[in-house]
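J.: my_file.cif is the file, holding mmCIF, C-alpha atoms and all ligand atoms:
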data_coords
#
loop_
_atom_site.group_PDB
_atom_site.id
_atom_site.type_symbol
_atom_site.label_atom_id
_atom_site.label_comp_id
_atom_site.auth_asym_id
_atom_site.auth_seq_id
_atom_site.Cartn_x
_atom_site.Cartn_y
_atom_site.Cartn_z
ATOM 1 C CA MET A 44 3.328 27.026 -10.089
ATOM 2 C CA SER A 45 0.234 29.201 -9.618
ATOM 3 C CA PRO A 46 -1.773 28.940 -6.398
ATOM 4 C CA LEU A 47 -4.613 27.473 -8.448
ATOM 5 C CA THR A 48 -2.442 24.614 -9.719
ATOM 6 C CA ASN A 49 -1.194 23.980 -6.217
ATOM 7 C CA LYS A 50 -4.749 23.758 -4.996
ATOM 8 C CA ARG A 51 -5.626 21.251 -7.702
ATOM 9 C CA VAL A 52 -2.609 19.086 -6.923
ATOM 10 C CA THR A 53 -3.504 19.140 -3.227
ATOM 11 C CA ARG A 54 -7.074 18.117 -4.010
ATOM 12 C CA GLN A 55 -5.915 15.287 -6.287
ATOM 13 C CA ARG A 56 -3.456 14.075 -3.689
ATOM 14 C CA GLN A 57 -6.179 14.122 -1.043
ATOM 15 C CA LEU A 58 -8.507 12.083 -3.282
ATOM 16 C CA VAL A 59 -5.806 9.477 -3.980
ATOM 17 C CA TYR A 60 -4.809 9.299 -0.320
ATOM 18 C CA ASP A 61 -8.407 8.998 0.932
ATOM 19 C CA CYS A 62 -9.057 6.226 -1.573
ATOM 20 C CA VAL A 63 -6.139 4.106 -0.280
ATOM 21 C CA ILE A 64 -7.184 4.784 3.342
ATOM 22 C CA ASP A 65 -10.857 3.979 2.750
ATOM 23 C CA ARG A 66 -10.307 0.790 0.761
ATOM 24 C CA LYS A 67 -8.144 -0.860 3.428
ATOM 25 C CA ASP A 68 -7.356 -3.592 0.852
ATOM 26 C CA HIS A 69 -3.977 -2.547 -0.535
ATOM 27 C CA PRO A 70 -5.196 -1.334 -3.936
ATOM 28 C CA SER A 71 -3.082 -1.081 -7.076
ATOM 29 C CA ALA A 72 -2.748 2.281 -8.862
ATOM 30 C CA ASN A 73 -5.248 1.058 -11.420
ATOM 31 C CA GLU A 74 -7.845 0.245 -8.751
ATOM 32 C CA VAL A 75 -7.420 3.723 -7.262
ATOM 33 C CA PHE A 76 -7.794 5.180 -10.761
ATOM 34 C CA VAL A 77 -11.031 3.233 -11.392
ATOM 35 C CA ASP A 78 -12.452 4.362 -8.017
ATOM 36 C CA LEU A 79 -11.672 8.007 -8.770
ATOM 37 C CA GLN A 80 -12.780 8.020 -12.389
ATOM 38 C CA SER A 81 -15.772 10.290 -11.712
ATOM 39 C CA SER A 82 -13.390 12.945 -10.374
ATOM 40 C CA GLY A 83 -11.648 13.144 -13.767
ATOM 41 C CA ILE A 84 -8.210 12.322 -12.339
ATOM 42 C CA GLY A 85 -5.827 10.672 -14.828
ATOM 43 C CA LEU A 86 -3.959 7.379 -14.378
ATOM 44 C CA ALA A 87 -0.576 9.119 -14.707
ATOM 45 C CA THR A 88 -1.548 11.526 -11.914
ATOM 46 C CA VAL A 89 -2.659 8.638 -9.704
ATOM 47 C CA TYR A 90 0.700 6.914 -10.268
ATOM 48 C CA ARG A 91 2.612 10.141 -9.629
ATOM 49 C CA GLN A 92 0.741 10.947 -6.411
ATOM 50 C CA LEU A 93 1.056 7.394 -5.095
ATOM 51 C CA SER A 94 4.795 7.166 -5.714
ATOM 52 C CA ALA A 95 5.339 10.660 -4.254
ATOM 53 C CA MET A 96 3.511 9.606 -1.086
ATOM 54 C CA VAL A 97 5.603 6.422 -0.876
ATOM 55 C CA ASP A 98 8.784 8.530 -1.250
ATOM 56 C CA GLU A 99 7.571 10.774 1.568
ATOM 57 C CA GLY A 100 6.738 7.828 3.811
ATOM 58 C CA ILE A 101 2.994 8.586 3.888
ATOM 59 C CA LEU A 102 2.174 5.275 2.177
ATOM 60 C CA LYS A 103 4.067 2.035 1.664
ATOM 61 C CA SER A 104 4.202 -0.088 -1.446
ATOM 62 C CA PHE A 105 5.017 -3.707 -2.124
ATOM 63 C CA GLU A 106 4.791 -6.110 -5.021
ATOM 64 C CA HIS A 107 2.018 -8.682 -5.136
ATOM 65 C CA SER A 108 1.217 -10.954 -8.095
ATOM 66 C CA GLY A 109 3.401 -8.799 -10.334
ATOM 67 C CA GLN A 110 1.589 -5.580 -9.369
ATOM 68 C CA ILE A 111 2.614 -2.730 -7.099
ATOM 69 C CA ARG A 112 0.106 -2.476 -4.252
ATOM 70 C CA TYR A 113 -0.256 0.482 -1.904
ATOM 71 C CA ASP A 114 -0.501 0.173 1.855
ATOM 72 C CA ARG A 115 -1.933 2.755 4.261
ATOM 73 C CA LEU A 116 -0.158 1.124 7.193
ATOM 74 C CA VAL A 117 3.460 2.339 7.233
ATOM 75 C CA THR A 118 4.485 0.639 10.480
ATOM 76 C CA PRO A 119 5.960 -2.903 10.232
ATOM 77 C CA HIS A 120 3.239 -5.524 9.838
ATOM 78 C CA ALA A 121 2.593 -8.843 8.157
ATOM 79 C CA HIS A 122 -0.042 -9.699 5.552
ATOM 80 C CA PHE A 123 -2.498 -12.503 5.081
ATOM 81 C CA VAL A 124 -3.296 -13.277 1.450
ATOM 82 C CA CYS A 125 -6.262 -15.416 0.417
ATOM 83 C CA SER A 126 -5.248 -17.787 -2.352
ATOM 84 C CA VAL A 127 -8.816 -17.836 -3.720
ATOM 85 C CA CYS A 128 -9.948 -14.176 -3.822
ATOM 86 C CA ASP A 129 -6.410 -12.672 -3.638
ATOM 87 C CA GLU A 130 -7.480 -10.190 -0.939
ATOM 88 C CA ILE A 131 -4.759 -8.892 1.374
ATOM 89 C CA TRP A 132 -5.312 -8.247 5.087
ATOM 90 C CA ASP A 133 -3.008 -6.564 7.594
ATOM 91 C CA VAL A 134 -1.741 -8.767 10.418
ATOM 92 C CA ASP A 135 0.174 -7.695 13.537
ATOM 93 C CA LEU A 136 3.724 -8.968 13.927
ATOM 94 C CA PRO A 137 4.795 -10.618 17.169
ATOM 95 C CA LYS A 138 6.559 -7.959 19.266
ATOM 96 C CA ASN A 139 9.768 -9.998 19.616
ATOM 97 C CA ILE A 140 10.164 -10.724 15.902
ATOM 98 C CA PHE A 141 12.887 -8.111 15.386
ATOM 99 C CA SER A 142 15.073 -9.862 17.951
ATOM 100 C CA MET A 143 15.237 -12.696 15.405
ATOM 101 C CA ALA A 144 16.843 -10.515 12.716
ATOM 102 C CA PRO A 145 20.044 -12.100 11.380
ATOM 103 C CA VAL A 146 22.693 -10.033 13.193
ATOM 104 C CA GLU A 147 25.532 -12.564 12.785
ATOM 105 C CA SER A 148 25.577 -12.255 9.004
ATOM 106 C CA ASN A 149 26.671 -8.599 9.246
ATOM 107 C CA ALA A 150 23.801 -7.651 6.966
ATOM 108 C CA ASP A 151 22.026 -4.323 6.870
ATOM 109 C CA ILE A 152 18.398 -5.135 7.560
ATOM 110 C CA GLU A 153 16.072 -2.911 5.544
ATOM 111 C CA GLU A 154 12.701 -4.451 6.154
ATOM 112 C CA LEU A 155 10.795 -7.568 7.027
ATOM 113 C CA ASP A 156 8.384 -9.033 4.514
ATOM 114 C CA LEU A 157 6.107 -11.652 6.015
ATOM 115 C CA THR A 158 3.017 -12.990 4.279
ATOM 116 C CA TRP A 159 0.665 -15.640 5.579
ATOM 117 C CA LYS A 160 -1.134 -17.533 2.844
ATOM 118 C CA GLY A 161 -4.398 -19.409 3.124
ATOM 119 C CA ILE A 162 -8.109 -19.293 2.417
ATOM 120 C CA CYS A 163 -10.189 -16.517 3.967
ATOM 121 C CA LYS A 164 -13.493 -16.879 5.843
ATOM 122 C CA ALA A 165 -15.569 -15.769 2.861
ATOM 123 C CA CYS A 166 -13.918 -18.237 0.446
ATOM 124 C CA LYS A 167 -13.978 -21.345 2.646
HETATM 125 ZN ZN ZN B 201 -10.857 -15.170 0.002
HETATM 126 ZN ZN ZN B 202 -0.590 -3.861 4.819
#
Could you render the structure as structure tokens?
Ligand SMILES: [Zn+2]
Ligand SMILES: [Zn+2]

T.:
Amino acid sequence: MSPLTNKRVTRQRQLVYDCVIDRKDHPSANEVFVDLQSSGIGLATVYRQLSAMVDEGILKSFEHSGQIRYDRLVTPHAHFVCSVCDEIWDVDLPKNIFSMAPVESNADIEELDLTWKGICKACK
């Protein structure tokens, strides 16, 4: 890979990363693509950069309404989803929640997925 290509990849990655950070709303790859359209970045590149960053632990991903959504917050947290506008907010978990993990079942716990559902302030 030439230094020039490397530079381009780094710039594209930075654009994709900044977009997820700035939006704060757990965008899908397509939403990131639409936001970055003026930069000329392709959808396949957006997908590739997002999944590479998830693999590296820089971003997290989860499924919502049949779509993969990207999360800038990689530490454990819950979500609140509005059933009207479908927006997703980050919510802190109670500090003692991991003491409630099912240890007796001899399971390997991988993650906790907690979503509050309701109607947000703007939609009430
Ligand atoms: Zn709402
Ligand atoms: Zn989140």

J.: Write out as a PyMOL selection string each polymer residue whose atoms come within 10 Å of Thr118 (chain A), counting all atoms listed in the file; drop sequence neighbours fewer than 6 positions from it.

T.: chain A and resi 102-103+135

J.: Residues as selected, C-alpha atoms, written as a PDB file, keeping the file's coordinate frame, can you do that?

T.:
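As written to disk, selection.pdb reads:
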ATOM      1  CA  LEU A 102       2.174   5.275   2.177  1.00  0.00           C
ATOM      2  CA  LYS A 103       4.067   2.035   1.664  1.00  0.00           C
ATOM      3  CA  ASP A 135       0.174  -7.695  13.537  1.00  0.00           C
TER       4      ASP A 135
END

J.: What is the distance, in Å and to one decimal place, between CA of Ile84 (chain A) and CA of Lys50 (chain A)?

T.: 14.0 Å

J.: Hey, what's within 7 Å of region 127-133 of chain A if we count only C-alpha atoms and toss same-chain stuff fewer than 5 positions away? As a VMD selection string, please?

T.: chain A and resid 68 to 69 120 to 122 162 166

J.: Output the residue selection produced by the PyMOL selection byres (((chain A and resi 71) around 12) and not hetatm) on the file above, formatted as a short mmCIF file (atom, residue, chain, number, x, y, z; two decimals) with C-alpha atoms, in the frame of the given file.

T.:
data_model
loop_
_atom_site.label_atom_id
_atom_site.label_comp_id
_atom_site.auth_asym_id
_atom_site.auth_seq_id
_atom_site.Cartn_x
_atom_site.Cartn_y
_atom_site.Cartn_z
CA VAL A 59 -5.81 9.48 -3.98
CA CYS A 62 -9.06 6.23 -1.57
CA VAL A 63 -6.14 4.11 -0.28
CA ARG A 66 -10.31 0.79 0.76
CA LYS A 67 -8.14 -0.86 3.43
CA ASP A 68 -7.36 -3.59 0.85
CA HIS A 69 -3.98 -2.55 -0.54
CA PRO A 70 -5.20 -1.33 -3.94
CA ALA A 72 -2.75 2.28 -8.86
CA ASN A 73 -5.25 1.06 -11.42
CA GLU A 74 -7.84 0.24 -8.75
CA VAL A 75 -7.42 3.72 -7.26
CA PHE A 76 -7.79 5.18 -10.76
CA VAL A 77 -11.03 3.23 -11.39
CA ASP A 78 -12.45 4.36 -8.02
CA LEU A 86 -3.96 7.38 -14.38
CA VAL A 89 -2.66 8.64 -9.70
CA TYR A 90 0.70 6.91 -10.27
CA LEU A 93 1.06 7.39 -5.10
CA SER A 94 4.80 7.17 -5.71
CA LYS A 103 4.07 2.04 1.66
CA SER A 104 4.20 -0.09 -1.45
CA PHE A 105 5.02 -3.71 -2.12
CA GLU A 106 4.79 -6.11 -5.02
CA HIS A 107 2.02 -8.68 -5.14
CA SER A 108 1.22 -10.95 -8.10
CA GLY A 109 3.40 -8.80 -10.33
CA GLN A 110 1.59 -5.58 -9.37
CA ILE A 111 2.61 -2.73 -7.10
CA ARG A 112 0.11 -2.48 -4.25
CA TYR A 113 -0.26 0.48 -1.90
CA ASP A 114 -0.50 0.17 1.86
CA GLU A 130 -7.48 -10.19 -0.94
CA ILE A 131 -4.76 -8.89 1.37
#

J.: Quick one, how far is CA of Gly161 (chain A) from CA of Pro145 (chain A)?

T.: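 Atom-to-atom, CA of Gly161 (chain A) to CA of Pro145 (chain A), that is 26.8 Å.
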
J.: Could you work out how far CA of Arg91 (chain A) lies from CA of Gln57 (chain A), giving the answer in Å with one decimal?

T.: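 Atom-to-atom, CA of Gln57 (chain A) and CA of Arg91 (chain A) are spaced 12.9 Å apart.
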
J.: Nearest to ligand ZN 202 (chain B) among A:Gly83, A:Pro137, A:Pro119, A:Gly100, with distances taken over only C-alpha atoms and all ligand atoms: which residue is it?

T.: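 Comparing A:Gly83, A:Pro137, A:Pro119, A:Gly100 against ligand ZN 202 (chain B), the winner is A:Pro119.
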
J.: Return the single residue from A:Val97, A:Ala87, A:Ala144, A:Cys125 that is closest to ligand ZN 201 (chain B), with distances computed using all atoms listed in the file.

T.: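 Distance minimum relative to ligand ZN 201 (chain B) lands on A:Cys125.
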
J.: Compare A:Met96, A:Leu155, A:Ile101, A:Leu58 by their minimum atom-to-atom distance to Ser81 (chain A), counting only C-alpha atoms, and give me the closest one.

T.: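 Checking each candidate against Ser81 (chain A), we get A:Leu58 as the closest.
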
J.: Find, counting only C-alpha atoms, the residue in A:Leu116, A:Val134, A:Glu154, A:Ser126 that gets nearest to Lys167 (chain A).

T.: A:Ser126

J.: Identify which of the residues A:Gln92, A:Asp156, A:Asp61, A:Ser82 lies closest to Arg115 (chain A), counting all atoms listed in the file when measuring atom-to-atom distances.

T.: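 With all atoms listed in the file as the atom set, the closest residue is A:Asp61.
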
J.: Enclose all atoms of region 104-120 of chain A listed in the file in an axis-aligned box, grow every side by 4 Å, and hand back centre and edge lengths in Å to one decimal, as JSON.

T.:
{"center_x": 2.0, "center_y": -4.1, "center_z": 0.1, "size_x": 15.9, "size_y": 21.7, "size_z": 28.8}
